file data25.txt (compact mmCIF, C-alpha atoms)
# COMPACT_ATOMS: atom_id res chain seq x y z
CA MET A 19 81.67 26.17 -25.12
CA GLU A 20 80.69 26.08 -28.80
CA LEU A 21 81.39 28.98 -31.14
CA VAL A 22 77.76 30.18 -31.42
CA GLU A 23 77.27 30.12 -27.68
CA ARG A 24 80.49 32.06 -27.09
CA TYR A 25 79.45 34.63 -29.69
CA VAL A 26 75.97 35.06 -28.24
CA GLN A 27 77.42 35.44 -24.74
CA ALA A 28 79.70 38.18 -26.05
CA VAL A 29 76.70 40.00 -27.58
CA LYS A 30 74.56 39.44 -24.48
CA GLN A 31 76.80 41.44 -22.14
CA TYR A 32 76.13 44.63 -24.15
CA LEU A 33 72.37 44.08 -24.56
CA PRO A 34 69.74 46.15 -22.75
CA GLU A 35 68.95 44.71 -19.34
CA GLY A 36 65.66 42.86 -19.08
CA GLN A 37 65.83 41.70 -22.70
CA GLN A 38 69.21 40.00 -22.63
CA ASN A 39 68.05 36.39 -22.37
CA ASP A 40 65.25 36.73 -24.90
CA ILE A 41 67.36 38.47 -27.54
CA ALA A 42 70.30 36.10 -26.97
CA ARG A 43 68.04 33.05 -27.35
CA GLU A 44 66.51 34.37 -30.57
CA LEU A 45 69.88 35.38 -31.99
CA ALA A 46 71.36 31.94 -31.23
CA GLU A 47 68.41 30.21 -32.91
CA ASN A 48 68.69 32.35 -36.03
CA ILE A 49 72.42 31.72 -36.31
CA ARG A 50 71.93 27.97 -35.82
CA ALA A 51 69.16 27.95 -38.46
CA GLN A 52 71.53 29.67 -40.91
CA MET A 53 74.29 27.16 -40.14
CA ASP A 54 71.87 24.21 -40.51
CA ASP A 55 70.76 25.60 -43.85
CA GLN A 56 74.33 25.91 -45.10
CA ALA A 57 75.19 22.44 -43.80
CA GLU A 58 72.19 20.99 -45.63
CA ALA A 59 73.25 22.70 -48.86
CA ALA A 60 76.81 21.39 -48.43
CA GLY A 61 75.57 17.88 -47.51
CA ARG A 62 77.89 17.77 -44.48
CA PRO A 63 78.34 19.51 -41.13
CA LEU A 64 80.03 22.91 -41.33
CA THR A 65 83.72 23.06 -40.53
CA GLU A 66 84.91 25.35 -37.76
CA ALA A 67 86.22 27.82 -40.35
CA GLU A 68 82.81 27.92 -42.04
CA GLN A 69 81.07 28.50 -38.71
CA GLU A 70 83.51 31.32 -37.99
CA ALA A 71 82.68 32.86 -41.37
CA VAL A 72 78.95 32.89 -40.49
CA LEU A 73 79.70 34.64 -37.18
CA LYS A 74 82.09 37.07 -38.85
CA GLN A 75 79.26 37.98 -41.23
CA MET A 76 76.96 38.61 -38.26
CA GLY A 77 79.34 41.35 -37.11
CA ASN A 78 81.27 42.53 -34.11
CA PRO A 79 79.33 41.56 -30.92
CA ALA A 80 79.44 45.10 -29.49
CA VAL A 81 78.20 46.65 -32.76
CA VAL A 82 75.42 44.06 -33.13
CA ALA A 83 74.27 44.59 -29.53
CA GLY A 84 74.28 48.37 -30.01
CA ARG A 85 71.58 48.00 -32.68
CA TYR A 86 69.25 46.37 -30.15
CA GLN A 87 69.30 49.41 -27.83
CA THR A 88 65.73 50.68 -27.77
CA ASP A 89 66.67 54.03 -26.27
CA PRO A 90 70.20 54.47 -27.53
CA LYS A 91 72.17 56.86 -25.33
CA ARG A 92 75.62 57.99 -26.31
CA LEU A 93 78.32 60.48 -25.42
CA ALA A 94 78.90 62.79 -28.35
CA PHE A 95 80.43 66.17 -29.00
CA GLY A 96 79.88 66.60 -32.71
CA ARG A 97 81.09 63.08 -33.35
CA GLU A 98 80.21 60.02 -31.34
CA LEU A 99 82.72 59.42 -28.52
CA ILE A 100 81.00 56.55 -26.67
CA GLY A 101 78.34 54.66 -28.66
CA PRO A 102 75.07 53.02 -27.55
CA ALA A 103 76.64 49.58 -26.97
CA LEU A 104 79.32 50.79 -24.57
CA PHE A 105 77.40 53.66 -22.95
CA PRO A 106 75.38 51.58 -20.42
CA ILE A 107 78.55 49.74 -19.29
CA TYR A 108 80.43 53.06 -19.10
CA THR A 109 77.79 54.66 -16.85
CA LYS A 110 77.58 51.54 -14.67
CA ILE A 111 81.35 51.41 -14.12
CA LEU A 112 81.47 55.17 -13.57
CA VAL A 113 78.74 55.11 -10.92
CA ILE A 114 80.15 52.07 -9.06
CA SER A 115 83.78 53.19 -9.08
CA LEU A 116 83.04 56.82 -8.17
CA SER A 117 80.67 55.78 -5.35
CA LEU A 118 83.27 53.39 -3.92
CA MET A 119 86.00 56.00 -4.18
CA VAL A 120 83.94 58.78 -2.55
CA LEU A 121 82.74 56.47 0.20
CA GLY A 122 86.24 55.07 0.82
CA ASN A 123 87.82 58.52 1.00
CA PHE A 124 85.22 59.94 3.40
CA LEU A 125 85.52 56.81 5.53
CA ALA A 126 89.33 57.10 5.61
CA ALA A 127 89.08 60.81 6.44
CA GLY A 128 86.67 60.03 9.28
CA LEU A 129 88.97 57.33 10.66
CA MET A 130 91.92 59.75 10.59
CA GLY A 131 89.98 62.39 12.47
CA GLN A 132 89.51 64.71 9.49
CA SER A 133 86.21 66.55 9.05
CA LEU A 134 84.19 65.77 5.91
CA SER A 135 84.31 69.39 4.74
CA ALA A 136 88.12 69.36 5.03
CA ALA A 137 88.31 66.15 2.98
CA LEU A 138 85.90 67.45 0.31
CA PRO A 139 88.42 69.27 -1.98
CA THR A 140 90.60 66.15 -2.23
CA VAL A 141 87.59 63.94 -2.90
CA VAL A 142 86.35 66.30 -5.64
CA LEU A 143 89.80 66.25 -7.24
CA TYR A 144 89.93 62.43 -7.14
CA VAL A 145 86.42 62.27 -8.64
CA LEU A 146 87.49 64.50 -11.54
CA VAL A 147 90.66 62.48 -12.16
CA GLN A 148 88.83 59.14 -12.00
CA PHE A 149 86.05 60.44 -14.24
CA ALA A 150 88.63 61.63 -16.80
CA VAL A 151 90.55 58.34 -16.77
CA ILE A 152 87.46 56.08 -17.09
CA THR A 153 85.95 58.29 -19.80
CA GLY A 154 89.30 58.34 -21.63
CA ILE A 155 89.51 54.53 -21.59
CA PHE A 156 85.97 54.16 -22.99
CA ILE A 157 86.58 56.78 -25.68
CA ALA A 158 89.71 54.86 -26.71
CA VAL A 159 87.78 51.54 -26.85
CA GLN A 160 85.00 53.18 -28.90
CA ALA A 161 87.54 54.75 -31.27
CA HIS A 162 89.06 51.30 -31.81
CA LEU A 163 85.61 49.79 -32.39
CA THR A 164 84.61 52.49 -34.87
CA ARG A 165 87.88 52.36 -36.77
CA TYR A 166 88.21 48.57 -36.88
CA PRO A 167 84.66 47.10 -36.65
CA ASP A 168 85.77 43.90 -38.38
CA LEU A 169 88.87 43.38 -36.29
CA TRP A 170 87.66 40.68 -33.93
CA ASP A 171 88.16 36.95 -33.62
CA PRO A 172 85.03 34.70 -33.69
CA ARG A 173 86.92 32.08 -31.61
CA HIS A 174 87.51 34.65 -28.85
CA PRO A 175 84.82 37.32 -29.37
CA ASP A 176 85.56 38.90 -25.99
CA THR A 177 89.27 39.41 -26.56
CA PRO A 178 90.18 42.63 -28.35
CA VAL A 179 92.35 42.19 -31.42
CA MET A 180 94.88 44.93 -32.02
CA PRO A 181 95.47 46.17 -35.57
CA PRO A 182 98.79 45.31 -37.21
CA LYS A 183 101.14 48.00 -35.99
CA ASP A 184 103.93 49.85 -37.73
CA GLU A 185 106.42 49.85 -34.87
CA ARG A 186 108.23 52.83 -36.32
CA LEU A 187 105.14 54.95 -35.63
CA VAL A 188 103.79 55.86 -32.20
CA SER A 189 100.00 55.98 -32.07
CA ARG A 190 98.69 59.48 -31.25
CA LEU A 191 95.95 57.93 -29.12
CA GLU A 192 98.57 56.03 -27.11
CA SER A 193 100.58 59.26 -26.62
CA LEU A 194 97.49 61.19 -25.55
CA PHE A 195 96.47 58.46 -23.13
CA GLU A 196 99.96 58.40 -21.62
CA VAL A 197 99.91 62.18 -21.16
CA LEU A 198 96.51 61.99 -19.43
CA VAL A 199 97.60 59.19 -17.08
CA ILE A 200 100.85 60.97 -16.12
CA LEU A 201 98.95 64.22 -15.55
CA ALA A 202 96.45 62.39 -13.34
CA VAL A 203 99.30 60.86 -11.30
CA LEU A 204 101.02 64.25 -10.95
CA ILE A 205 97.81 65.95 -9.78
CA VAL A 206 97.11 63.26 -7.18
CA VAL A 207 100.73 63.23 -5.94
CA ARG A 208 100.82 67.04 -5.67
CA ALA A 209 97.41 67.22 -3.99
CA PHE A 210 98.31 64.74 -1.26
CA PRO A 211 100.73 66.81 0.91
CA ALA A 212 98.44 69.87 0.87
CA ASN A 213 95.36 67.83 1.79
CA ALA A 214 96.98 65.27 4.09
CA PRO A 215 95.10 64.48 7.30
CA ALA A 216 96.32 66.30 10.42
CA VAL A 217 98.07 63.26 11.85
CA VAL A 218 100.10 62.78 8.66
CA ALA A 219 100.91 66.49 8.42
CA ALA A 220 102.16 66.40 12.02
CA MET A 221 104.95 63.99 11.07
CA GLY A 222 108.34 65.57 10.41
CA LEU A 223 109.85 64.68 7.06
CA GLU A 224 113.57 63.86 6.90
CA THR A 225 115.60 65.56 4.16
CA VAL A 226 115.83 62.32 2.18
CA TRP A 227 112.04 62.17 1.95
CA VAL A 228 111.79 65.70 0.58
CA LEU A 229 114.73 65.07 -1.79
CA GLY A 230 113.30 61.72 -2.93
CA TYR A 231 109.77 63.10 -3.34
CA TRP A 232 110.87 65.99 -5.55
CA SER A 233 113.28 63.81 -7.58
CA LEU A 234 110.56 61.26 -8.33
CA PHE A 235 108.07 64.06 -9.01
CA GLY A 236 110.58 65.68 -11.38
CA LEU A 237 111.19 62.40 -13.19
CA THR A 238 107.44 61.83 -13.56
CA LEU A 239 107.16 65.37 -14.93
CA ALA A 240 110.04 64.64 -17.33
CA SER A 241 108.27 61.48 -18.50
CA LEU A 242 105.58 63.77 -19.93
CA VAL A 243 108.05 65.03 -22.56
CA PRO A 244 108.28 61.86 -24.76
CA PRO A 245 104.49 61.34 -25.19
CA ILE A 246 103.94 65.07 -25.83
CA LEU A 247 106.63 65.02 -28.53
CA THR A 248 105.45 61.75 -30.08
CA PHE A 249 101.91 63.14 -30.20
CA PHE A 250 103.16 65.85 -32.57
CA PHE A 251 105.91 63.74 -34.20
CA PRO A 252 104.68 60.12 -34.24
CA THR A 253 107.80 58.97 -36.14
CA TRP A 254 110.03 59.74 -33.13
CA SER A 255 109.67 56.18 -31.83
CA LEU A 256 113.43 55.71 -31.30
CA PHE A 257 113.54 58.88 -29.19
CA GLN A 258 110.55 57.63 -27.17
CA ALA A 259 112.21 54.26 -26.50
CA ALA A 260 115.56 55.85 -25.54
CA ALA A 261 113.90 58.45 -23.28
CA ARG A 262 111.95 55.74 -21.47
CA VAL A 263 115.13 53.77 -20.77
CA VAL A 264 116.98 56.85 -19.47
CA ILE A 265 114.05 57.90 -17.25
CA GLY A 266 113.63 54.30 -16.07
CA VAL A 267 117.30 54.05 -14.99
CA LEU A 268 117.14 57.38 -13.14
CA TRP A 269 113.84 56.39 -11.50
CA ILE A 270 115.31 53.14 -10.15
CA ALA A 271 118.48 54.93 -8.98
CA VAL A 272 116.41 57.48 -7.01
CA LEU A 273 114.24 54.72 -5.53
CA VAL A 274 117.29 52.75 -4.37
CA PHE A 275 118.86 55.91 -2.91
CA VAL A 276 115.65 56.70 -0.99
CA ILE A 277 115.29 53.12 0.27
CA LEU A 278 118.88 53.03 1.57
CA ALA A 279 118.73 56.48 3.20
CA GLY A 280 115.95 55.83 5.79
CA PRO A 281 114.45 56.64 8.27
CA TRP A 282 112.15 58.91 6.32
CA VAL A 283 109.83 60.49 8.87
CA THR A 284 109.97 61.52 12.52
CA GLY A 285 107.27 62.39 15.00
CA ALA A 286 107.76 66.19 14.79
CA GLN A 287 104.98 66.76 17.33
CA PRO A 288 105.63 63.70 19.42
CA THR A 289 102.18 62.65 20.49
CA THR A 290 101.68 58.92 20.83
CA GLU A 291 99.53 58.75 17.73
CA VAL A 292 102.05 60.60 15.53
CA ALA A 293 105.01 58.64 16.87
CA LEU A 294 103.19 55.38 16.22
CA LEU A 295 102.33 56.42 12.68
CA ALA A 296 105.96 57.47 12.07
CA GLN A 297 107.08 54.04 13.26
CA VAL A 298 104.64 52.30 10.92
CA VAL A 299 105.72 54.47 7.98
CA ASN A 300 109.43 53.86 8.63
CA ARG A 301 108.83 50.15 8.86
CA TRP A 302 106.67 49.65 5.77
CA LEU A 303 107.85 52.38 3.40
CA PRO A 304 111.00 50.48 2.27
CA TRP A 305 108.83 47.48 1.37
CA GLY A 306 106.48 49.64 -0.66
CA LEU A 307 109.33 51.43 -2.37
CA GLY A 308 111.14 48.11 -2.88
CA LEU A 309 108.10 46.66 -4.63
CA MET A 310 107.94 49.78 -6.78
CA ALA A 311 111.65 49.33 -7.64
CA VAL A 312 111.14 45.68 -8.63
CA ILE A 313 108.22 46.62 -10.91
CA SER A 314 110.34 49.44 -12.37
CA VAL A 315 113.18 46.97 -13.11
CA PHE A 316 110.75 44.74 -15.05
CA GLU A 317 109.51 47.79 -16.94
CA LEU A 318 113.08 48.83 -17.68
CA VAL A 319 113.86 45.38 -19.12
CA GLY A 320 110.81 45.70 -21.39
CA ASP A 321 111.76 49.25 -22.40
CA THR A 322 115.34 48.18 -23.15
CA ARG A 323 114.09 45.40 -25.41
CA LYS A 324 111.88 47.91 -27.22
CA LEU A 325 114.87 50.24 -27.61
CA VAL A 326 116.98 47.44 -29.14
CA ARG A 327 114.11 46.61 -31.51
CA GLN A 328 113.75 50.26 -32.47
CA VAL A 329 117.49 50.57 -33.20
CA ARG A 330 117.26 47.49 -35.46
CA LEU A 331 114.13 48.83 -37.19
CA GLN A 332 115.75 52.21 -37.85
CA LYS A 333 118.83 50.50 -39.30
CA ALA A 334 116.75 48.20 -41.53
CA MET B 26 83.74 62.01 -50.37
CA ASN B 27 81.30 61.50 -53.26
CA GLY B 28 81.19 57.79 -52.44
CA ASP B 29 80.41 58.53 -48.78
CA LEU B 30 77.62 60.91 -49.73
CA TYR B 31 76.10 58.36 -52.10
CA GLU B 32 76.36 55.65 -49.44
CA ASN B 33 74.61 57.84 -46.83
CA LEU B 34 71.80 58.75 -49.24
CA ARG B 35 71.44 55.14 -50.35
CA LEU B 36 71.14 53.97 -46.73
CA GLU B 37 68.56 56.65 -46.03
CA LEU B 38 66.52 55.59 -49.07
CA ARG B 39 66.75 51.92 -48.13
CA ARG B 40 65.78 52.42 -44.48
CA GLY B 41 62.15 53.27 -45.18
CA CYS B 42 61.86 50.77 -48.02
CA LEU B 43 63.15 47.93 -45.81
CA ILE B 44 60.40 48.55 -43.27
CA VAL B 45 57.75 48.33 -45.98
CA ALA B 46 59.39 45.17 -47.35
CA VAL B 47 59.57 43.50 -43.92
CA LEU B 48 55.95 44.34 -43.15
CA ALA B 49 54.87 43.05 -46.56
CA GLN B 50 56.78 39.77 -46.13
CA LEU B 51 55.35 39.22 -42.68
CA ARG B 52 51.80 39.00 -43.93
CA GLU B 53 52.89 35.37 -43.78
CA GLU B 54 54.40 34.21 -40.51
CA GLN B 55 58.19 33.70 -40.50
CA TYR B 56 61.14 33.65 -38.13
CA GLY B 57 64.22 35.83 -38.45
CA TYR B 58 66.43 33.69 -40.63
CA THR B 59 63.73 32.57 -43.10
CA LEU B 60 62.53 36.17 -43.40
CA ARG B 61 66.05 37.29 -44.29
CA LYS B 62 66.26 34.53 -46.90
CA ALA B 63 62.87 35.44 -48.35
CA LEU B 64 63.89 39.10 -48.65
CA SER B 65 67.17 38.07 -50.24
CA ASP B 66 65.38 35.75 -52.72
CA ASP B 67 63.27 38.74 -53.75
CA GLY B 68 66.43 40.77 -54.35
CA LEU B 69 66.53 42.72 -51.11
CA GLU B 70 69.73 41.91 -49.20
CA ILE B 71 69.74 42.91 -45.54
CA ASP B 72 72.31 42.28 -42.80
CA GLU B 73 71.28 40.02 -39.95
CA SER B 74 72.47 42.65 -37.49
CA THR B 75 70.07 45.15 -39.07
CA LEU B 76 67.08 42.88 -39.61
CA TYR B 77 66.84 41.17 -36.21
CA PRO B 78 66.85 44.39 -34.14
CA LEU B 79 64.42 45.93 -36.67
CA LEU B 80 61.94 43.10 -36.02
CA ARG B 81 62.05 43.82 -32.29
CA ARG B 82 61.57 47.53 -32.88
CA LEU B 83 58.56 46.95 -35.14
CA GLU B 84 57.12 44.58 -32.55
CA SER B 85 57.58 47.11 -29.76
CA GLN B 86 55.73 49.64 -31.97
CA GLY B 87 52.82 47.22 -32.20
CA LEU B 88 53.19 46.56 -35.95
CA LEU B 89 54.29 42.94 -35.48
CA ALA B 90 53.34 40.19 -33.08
CA SER B 91 55.52 37.22 -32.19
CA GLU B 92 55.50 33.91 -30.38
CA TRP B 93 58.01 31.18 -29.53
CA ARG B 94 57.12 27.89 -31.17
CA GLU B 95 58.85 24.62 -31.91
CA GLU B 96 59.72 23.70 -35.50
CA ASN B 97 61.97 20.82 -36.50
CA LYS B 98 62.74 20.17 -32.82
CA ARG B 99 64.00 23.75 -32.47
CA SER B 100 62.30 26.53 -30.63
CA LYS B 101 61.97 29.63 -32.82
CA ARG B 102 60.43 33.05 -32.53
CA PHE B 103 57.85 33.53 -35.28
CA TYR B 104 56.75 37.01 -36.31
CA HIS B 105 53.60 38.03 -38.16
CA LEU B 106 51.87 41.27 -39.05
CA SER B 107 49.50 42.55 -36.37
CA ALA B 108 46.13 44.15 -37.18
CA GLU B 109 47.66 47.58 -36.60
CA GLY B 110 50.62 46.61 -38.80
CA GLU B 111 48.29 45.58 -41.57
CA ALA B 112 46.53 48.96 -41.50
CA ILE B 113 49.84 50.85 -41.49
CA LEU B 114 51.21 48.69 -44.31
CA LYS B 115 48.17 49.50 -46.43
CA GLN B 116 48.75 53.24 -45.89
CA LEU B 117 52.48 52.95 -46.55
CA LEU B 118 51.91 51.02 -49.78
CA ALA B 119 49.43 53.68 -50.97
CA GLU B 120 52.04 56.36 -50.23
CA TRP B 121 54.66 54.27 -51.99
CA GLN B 122 52.50 54.06 -55.13
CA VAL B 123 52.00 57.84 -55.14
CA ILE B 124 55.75 58.54 -54.78
CA ASN B 125 56.63 55.92 -57.38
CA ALA B 126 54.11 57.29 -59.87
CA SER B 127 55.32 60.88 -59.31
CA ILE B 128 58.96 60.03 -59.82
CA ASN B 129 58.20 57.99 -62.92
CA ARG B 130 56.20 60.92 -64.31
CA MET B 131 59.06 63.34 -63.62
CA LEU B 132 61.59 61.03 -65.27
CA ALA B 133 59.34 60.59 -68.30
CA GLU B 134 58.87 64.39 -68.67
CA ASN B 135 62.62 64.96 -68.57

call {"tool": "encode", "arguments": {"input": "data25.txt", "output": "structure tokens"}}
result
Amino acid sequence: MELVERYVQAVKQYLPEGQQNDIARELAENIRAQMDDQAEAAGRPLTEAEQEAVLKQMGNPAVVAGRYQTDPKRLAFGRELIGPALFPIYTKILVISLSLMVLGNFLAAGLMGQSLSAALPTVVLYVLVQFAVITGIFIAVQAHLTRYPDLWDPRHPDTPVMPPKDERLVSRLESLFEVLVILAVLIVVRAFPANAPAVVAAMGLETVWVLGYWSLFGLTLASLVPPILTFFFPTWSLFQAAARVVIGVLWIAVLVFVILAGPWVTGAQPTTEVALLAQVVNRWLPWGLGLMAVISVFELVGDTRKLVRQVRLQKA
Amino acid sequence: MNGDLYENLRLELRRGCLIVAVLAQLREEQYGYTLRKALSDDGLEIDESTLYPLLRRLESQGLLASEWREENKRSKRFYHLSAEGEAILKQLLAEWQVINASINRMLAEN
């Protein structure tokens, strides 16, 4: 795909529906006319670098598309949080994901014999968490766009380009985002036992399950400390890297302990349904936890590398 | 801070003037890129990402009309002033003359 076409495609995705093709066609023609004009003046076809310069001058695709919004809607509290280019995509994703989640949860509740009114508090909680996470992501993207409107690559207009980073500083936005994600996980994890369907609640939990649950919950809670501190003290990057490694090691140790100490649940009220569910849980839980442990090992390797890099940076 | 304030006021001043300039240029039919060049040749620089959406907005307000036509084996969207646009331009230019004359008078008095 040629550069102009790629650029116009990148603009097109943010354009108002119903006008996308027409605006994209006109934009492409205007850009090509400008390139032809420059080529004629130079007496030769434009090089790729020269074509990129023309596109760079046109501007960031999302910003350009935002100016075509005829009825620009935005999310703003004093200052603009989600601008007119991203707002239509934000609302679309919000509506689709929340509808799917609500539908899926009510369907699951129905299948597990739970009444809709009983499932409602959990669904409302999940809606709030999902709303907060999606909105947070879009606010972060908009903040990046507003702060670095020229930080984009005409060869890959769809791929975000990150600003050069001082690795000795932790971004406040990154810390805030991490805090929000961990809080969301904690809320969901804490809400589950209280709102579990009757058949799940009827299962008896072995001591190891309770011990493992609270250890992992405690470690997740502890992982809130580094981002909270780095939000206030962004220069504490070495502390952040070290804390992540320590928490990662403990997390894997607890996971391995829980995996080896099964079985995890019993049919406390031994109806056929509960006993069957307990059997399924005991069979598949180690695989789920094992997968989680493998992912955690990969994360730990990455965190250890970051720690080594931080130690070197601090020494330099 | 002072620079930001100046920039905001400058943009505000330019916004209205650009509309008058675009309408005036489009008394003769042009497409986006040639219009931008014509404005630039007359000393009025304007970003592509500002001009092209502005043309669509003026068209949706009924001040411009447009049509796709082929030129040099390329299909282009040509804009020209509509009858309503012509009437509005006339009024805007009259207003412009009044403002211009007033400011010049004030500057001369001071």

call {"tool": "interface_residues", "arguments": {"input": "data25.txt", "of": "chain B", "to": "chain A", "cutoff": "12 Å", "atoms": "all atoms listed in the file", "output": "number ranges by chain"}}
result
B: 55-62, 71-86, 91-104

call {"tool": "residues_around", "arguments": {"input": "data25.txt", "residues": "Lys115 (chain B)", "least_positions_apart": "4", "cutoff": "10 Å", "atoms": "only C-alpha atoms", "output": "JSON, numbers by chain"}}
result
{"B": [45, 48, 49, 110, 111, 119, 120, 121]}

call {"tool": "write_last_selection", "arguments": {"input": "data25.txt", "atoms": "C-alpha atoms", "output": "mmCIF file, in the coordinates of the input"}}
result
data_model
loop_
_atom_site.group_PDB
_atom_site.id
_atom_site.type_symbol
_atom_site.label_atom_id
_atom_site.label_comp_id
_atom_site.auth_asym_id
_atom_site.auth_seq_id
_atom_site.Cartn_x
_atom_site.Cartn_y
_atom_site.Cartn_z
ATOM 1 C CA VAL B 45 57.750 48.330 -45.980
ATOM 2 C CA LEU B 48 55.950 44.340 -43.150
ATOM 3 C CA ALA B 49 54.870 43.050 -46.560
ATOM 4 C CA GLY B 110 50.620 46.610 -38.800
ATOM 5 C CA GLU B 111 48.290 45.580 -41.570
ATOM 6 C CA ALA B 119 49.430 53.680 -50.970
ATOM 7 C CA GLU B 120 52.040 56.360 -50.230
ATOM 8 C CA TRP B 121 54.660 54.270 -51.990
#

call {"tool": "residues_near_point", "arguments": {"input": "data25.txt", "point": "(57.4, 45.6, -45.9)", "cutoff": "10 Å", "atoms": "only C-alpha atoms", "output": "PDB file with C-alpha atoms, in the frame of the given file"}}
result
ATOM      1  CA  GLY B  41      62.150  53.270 -45.180  1.00  0.00           C
ATOM      2  CA  CYS B  42      61.860  50.770 -48.020  1.00  0.00           C
ATOM      3  CA  LEU B  43      63.150  47.930 -45.810  1.00  0.00           C
ATOM      4  CA  ILE B  44      60.400  48.550 -43.270  1.00  0.00           C
ATOM      5  CA  VAL B  45      57.750  48.330 -45.980  1.00  0.00           C
ATOM      6  CA  ALA B  46      59.390  45.170 -47.350  1.00  0.00           C
ATOM      7  CA  VAL B  47      59.570  43.500 -43.920  1.00  0.00           C
ATOM      8  CA  LEU B  48      55.950  44.340 -43.150  1.00  0.00           C
ATOM      9  CA  ALA B  49      54.870  43.050 -46.560  1.00  0.00           C
ATOM     10  CA  GLN B  50      56.780  39.770 -46.130  1.00  0.00           C
ATOM     11  CA  LEU B  51      55.350  39.220 -42.680  1.00  0.00           C
ATOM     12  CA  ARG B  52      51.800  39.000 -43.930  1.00  0.00           C
ATOM     13  CA  LEU B  64      63.890  39.100 -48.650  1.00  0.00           C
ATOM     14  CA  LEU B 106      51.870  41.270 -39.050  1.00  0.00           C
ATOM     15  CA  GLY B 110      50.620  46.610 -38.800  1.00  0.00           C
ATOM     16  CA  LEU B 114      51.210  48.690 -44.310  1.00  0.00           C
ATOM     17  CA  LEU B 117      52.480  52.950 -46.550  1.00  0.00           C
ATOM     18  CA  LEU B 118      51.910  51.020 -49.780  1.00  0.00           C
TER      19      LEU B 118
END

call {"tool": "atom_distance", "arguments": {"input": "data25.txt", "atom1": "CA of Gly308 (chain A)", "atom2": "CA of Ala240 (chain A)"}}
result
22.0 Å

call {"tool": "atom_distance", "arguments": {"input": "data25.txt", "atom1": "CA of Ile155 (chain A)", "atom2": "CA of Val197 (chain A)"}}
result
12.9 Å

call {"tool": "atom_distance", "arguments": {"input": "data25.txt", "atom1": "CA of Leu93 (chain A)", "atom2": "CA of Ile157 (chain A)"}}
result
9.1 Å

call {"tool": "closest_residue", "arguments": {"input": "data25.txt", "among": "A:Val72, A:Leu295, A:Leu112, A:Val207", "to": "Met130 (chain A)", "atoms": "only C-alpha atoms"}}
result
A:Leu295

call {"tool": "closest_residue", "arguments": {"input": "data25.txt", "among": "B:Ile128, B:Ala112, B:Leu69, B:Ala63", "to": "Gly87 (chain B)", "atoms": "all atoms listed in the file"}}
result
B:Ala112

call {"tool": "closest_residue", "arguments": {"input": "data25.txt", "among": "A:Ser314, A:Thr177, A:Thr153, A:Ser193", "to": "Thr253 (chain A)", "atoms": "all atoms listed in the file"}}
result
A:Ser193

call {"tool": "residues_around", "arguments": {"input": "data25.txt", "residues": "Gly236 (chain A)", "least_positions_apart": "2", "cutoff": "12 Å", "atoms": "all atoms listed in the file", "output": "tab-separated table (two decimals) with C-alpha atoms, in the frame of the given file"}}
result
chain	number	residue	atom	x	y	z
A	200	ILE	CA	100.85	60.97	-16.12
A	204	LEU	CA	101.02	64.25	-10.95
A	207	VAL	CA	100.73	63.23	-5.94
A	208	ARG	CA	100.82	67.04	-5.67
A	229	LEU	CA	114.73	65.07	-1.79
A	230	GLY	CA	113.30	61.72	-2.93
A	231	TYR	CA	109.77	63.10	-3.34
A	232	TRP	CA	110.87	65.99	-5.55
A	233	SER	CA	113.28	63.81	-7.58
A	234	LEU	CA	110.56	61.26	-8.33
A	238	THR	CA	107.44	61.83	-13.56
A	239	LEU	CA	107.16	65.37	-14.93
A	240	ALA	CA	110.04	64.64	-17.33
A	241	SER	CA	108.27	61.48	-18.50
A	242	LEU	CA	105.58	63.77	-19.93
A	243	VAL	CA	108.05	65.03	-22.56
A	265	ILE	CA	114.05	57.90	-17.25
A	268	LEU	CA	117.14	57.38	-13.14
A	269	TRP	CA	113.84	56.39	-11.50
A	272	VAL	CA	116.41	57.48	-7.01

call {"tool": "closest_residue", "arguments": {"input": "data25.txt", "among": "A:Ala71, A:Val329, A:Leu21, A:Ala80", "to": "Pro34 (chain A)", "atoms": "only C-alpha atoms"}}
result
A:Ala80

call {"tool": "axis_aligned_box", "arguments": {"input": "data25.txt", "around": "region 306-318 of chain A", "padding_each_side": "3 Å", "output": "JSON"}}
result
{"center_x": 109.8, "center_y": 48.1, "center_z": -9.2, "size_x": 12.7, "size_y": 12.7, "size_z": 23.0}
